[in-house]
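Structure first, commentary second.
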Number of protein chains: 2
Amino acid sequence: MAQSDTVDRILDAAEELFAERGFSETSLRMITSKAKVNLAAVNYHFGSKNSLIHAVFARFLTPFSATLELAFDELDERTGKQPATLEQTLWALTVSAVRMPQRTEKGISIFMRLLGLAYTQSQGHLRKFLEQEYSQPFGRFMNLLKEATPELSSVDRYWRIQFMLGATAFTMSSSDALIDILENKLGVETTVQEIAARLVPFLAAGMEAPEKMLTLPSVSGASVA
Amino acid sequence: MAQSDTVDRILDAAEELFAERGFSETSLRMITSKAKVNLAAVNYHFGSKNSLIHAVFARFLTPFSATLELAFDELDERTGKQPATLEQTLWALTVSAVRMPQRTEKGISIFMRLLGLAYTQSQGHLRKFLEQEYSQPFGRFMNLLKEATPELSSVDRYWRIQFMLGATAFTMSSSDALIDILENKLGVETTVQEIAARLVPFLAAGMEAPEKMLTLPSVSGASVA
DNA sequence: ATCTGTTTGAAACATACGTTTGAAGGTGGC
DNA sequence: GCCACCTTCAAACGTATGTTTCAAACAGAT
């Protein structure tokens, strides 16, 4: 029980601290002291701080991508020959994320926040690692989106997918703070699951909006259709 | 020409590096060497690295918030007693951002990326600084949004505003990379202005989506409406 | 009980950071 | 010309970081 204990304690502490403070802002000493583990243990078990970051992601991303593949399989089966709808596709993704086996009660929000950080804090090594490890389910998701929105031009689809990713990553990456603000302002308590459930209709509606292109006034005289 | 030259050179270099790499990942030595300025100049002219970050934001946020107030004034005048529509409000914001006097051609994307970072890299001091300096135009924008979406519950409006902010900040903050990817994939060239023009209909549609709340399956049996 | 390979521990290493110092340059006013 | 002030410069300071070292502790097998 020696090894796995130390390794897991490091992963737990690192996961939480990374989610709270970001990668650069979290030192190995913070991690090891929170994990009640010797400083050298990180480099012994993981080799480097960057590899530790990869390990933190792999620990939840690998089961997640497996769950996701199953959900997509199930979706393919259910819809048969005709393509899945946009809401079905988004919902499959959401359900997979929410259903993930959680280590702690904050598991899901840590998960989301880390994904957001991965996208935002453009750490080159992390992006490379994620791309080469999890490109398959990602590509499959993209294909489903394409089939679900045949009326969109490729260019519009491309940008709207970015908008979706942004809305999701951004909101989820600050979900804790945003939940607190809402509680203080309106006295409403919220879970990450509820946020996800609100997000899906928003994204689907934006994705399926008519393709009217507005043109920007070049200098003056702002008028709106 | 001595003082202003050094100060501006520092601000230019800092702005670009912060946008590229984030705050913690950018050292004063990188900034001063890019600006071809002595290391001590930053602490001499700005006092500290944090104050430099504030100065970088103030330099573009102050004129922007002035432009924005004017755009909102104009909008109020044009719509008279009845509230502005959602698209009008978003459009006023977009036009103000795009019309900002640019120092460089990349000005607008740097501007967006920094705003995104400010939201994401939860640097306590930055958030505090922005809140107390620019709360007025922000609050005014929020009020316009509220008037434009009277059918939304407060909670839904709150979350959908976060979704909008996320889609915008995220996309704009990576706009350079995303534009490159699109060019390589589909051979289409894009400007930041075009992205903004595509963003507005997406956001408006998402904001005005019907408020159906989907419920998440707790354990198994994923079925979608 | 002893040996072997693995894991922990305290300490040190080299490096990078933000900041401070004090002298040297430069500039305008008198 | 001299003085006062502002700005630049090279160097150093103290601290924090990721990583390495090597001896001690431990575990399981023989």
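FYI, nothing fancy with the structure tokens labels: chains A, B, ... in order, residues from 1 per chain, ligands from 1 as they appear.
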Query raised in the report: What residues in chain A lie within 12 Å of chain D, counting only C-alpha atoms (C1' of nucleotides), written as a ChimeraX atom specification?
Result: /A:1-3,24-30,39-44,47-50
Could you make a table, as a tab-separated table, of the residues of chain A that have an atom within 6 Å of an atom of chain B, each with its nearest atom pair and distance in Å to one decimal, counting only C-alpha atoms, in chain and number order?
```
residue	atom	partner	partner_atom	distance
A:Phe163	CA	B:Ala167	CA	4.5
A:Gly166	CA	B:Ala167	CA	4.2
A:Ala167	CA	B:Ala167	CA	4.1
A:Phe170	CA	B:Gly166	CA	4.8
A:Ala197	CA	B:Leu214	CA	5.7
A:Phe202	CA	B:Gly206	CA	4.2
A:Ala205	CA	B:Gly206	CA	4.9
A:Gly206	CA	B:Phe202	CA	4.3
A:Ala209	CA	B:Ala205	CA	5.7
A:Leu214	CA	B:Ala197	CA	5.6
```
Report task. Could you please write out, as a ChimeraX atom specification, every residue of segment 35-138 of chain A that DSSP assigns to alpha helix (DSSP H)? Result -> /A:40-46,49-79,86-99,107-120,124-133,135-138
**Report entry** Expected answer as a PyMOL selection string: chain C residues within 9 Å of chain A, only C-alpha atoms (C1' of nucleotides)
**Finding:** chain C and resi 7-9
Written file, previous selection with N, CA and C atoms (P, O5', C5', C4', C3', O3' and C1' of nucleotides), as a PDB file, in the first residue's frame:
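Once written, selection_8.pdb looks like this:
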```pdb
ATOM      1  P    DT C   7       8.461   1.533  -5.810  1.00  0.00           P
ATOM      2  O5'  DT C   7       8.603   2.491  -4.544  1.00  0.00           O
ATOM      3  C5'  DT C   7       7.994   2.091  -3.319  1.00  0.00           C
ATOM      4  C4'  DT C   7       8.567   2.914  -2.192  1.00  0.00           C
ATOM      5  C3'  DT C   7       8.260   4.418  -2.246  1.00  0.00           C
ATOM      6  O3'  DT C   7       7.325   4.698  -1.203  1.00  0.00           O
ATOM      7  C1'  DT C   7      10.467   3.981  -1.504  1.00  0.00           C
ATOM      8  P    DT C   8       6.889   6.184  -0.941  1.00  0.00           P
ATOM      9  O5'  DT C   8       8.026   6.659   0.051  1.00  0.00           O
ATOM     10  C5'  DT C   8       7.744   6.700   1.430  1.00  0.00           C
ATOM     11  C4'  DT C   8       8.973   7.175   2.154  1.00  0.00           C
ATOM     12  C3'  DT C   8       8.999   8.683   2.444  1.00  0.00           C
ATOM     13  O3'  DT C   8       8.887   8.876   3.836  1.00  0.00           O
ATOM     14  C1'  DT C   8      11.124   7.874   1.712  1.00  0.00           C
ATOM     15  P    DG C   9       8.553  10.295   4.378  1.00  0.00           P
ATOM     16  O5'  DG C   9      10.003  10.900   4.629  1.00  0.00           O
ATOM     17  C5'  DG C   9      10.865  10.231   5.542  1.00  0.00           C
ATOM     18  C4'  DG C   9      12.202  10.929   5.587  1.00  0.00           C
ATOM     19  C3'  DG C   9      12.103  12.458   5.532  1.00  0.00           C
ATOM     20  O3'  DG C   9      12.465  12.957   6.812  1.00  0.00           O
ATOM     21  C1'  DG C   9      13.755  11.597   3.985  1.00  0.00           C
TER      22       DG C   9
END
```
Requested in this report: Write out as number ranges by chain each polymer residue whose atoms come within 8 Å of Glu15 of chain B, counting only C-alpha atoms (C1' of nucleotides); drop sequence neighbours fewer than 3 positions from it.
Outcome: B: 11-12, 18-19, 56, 110
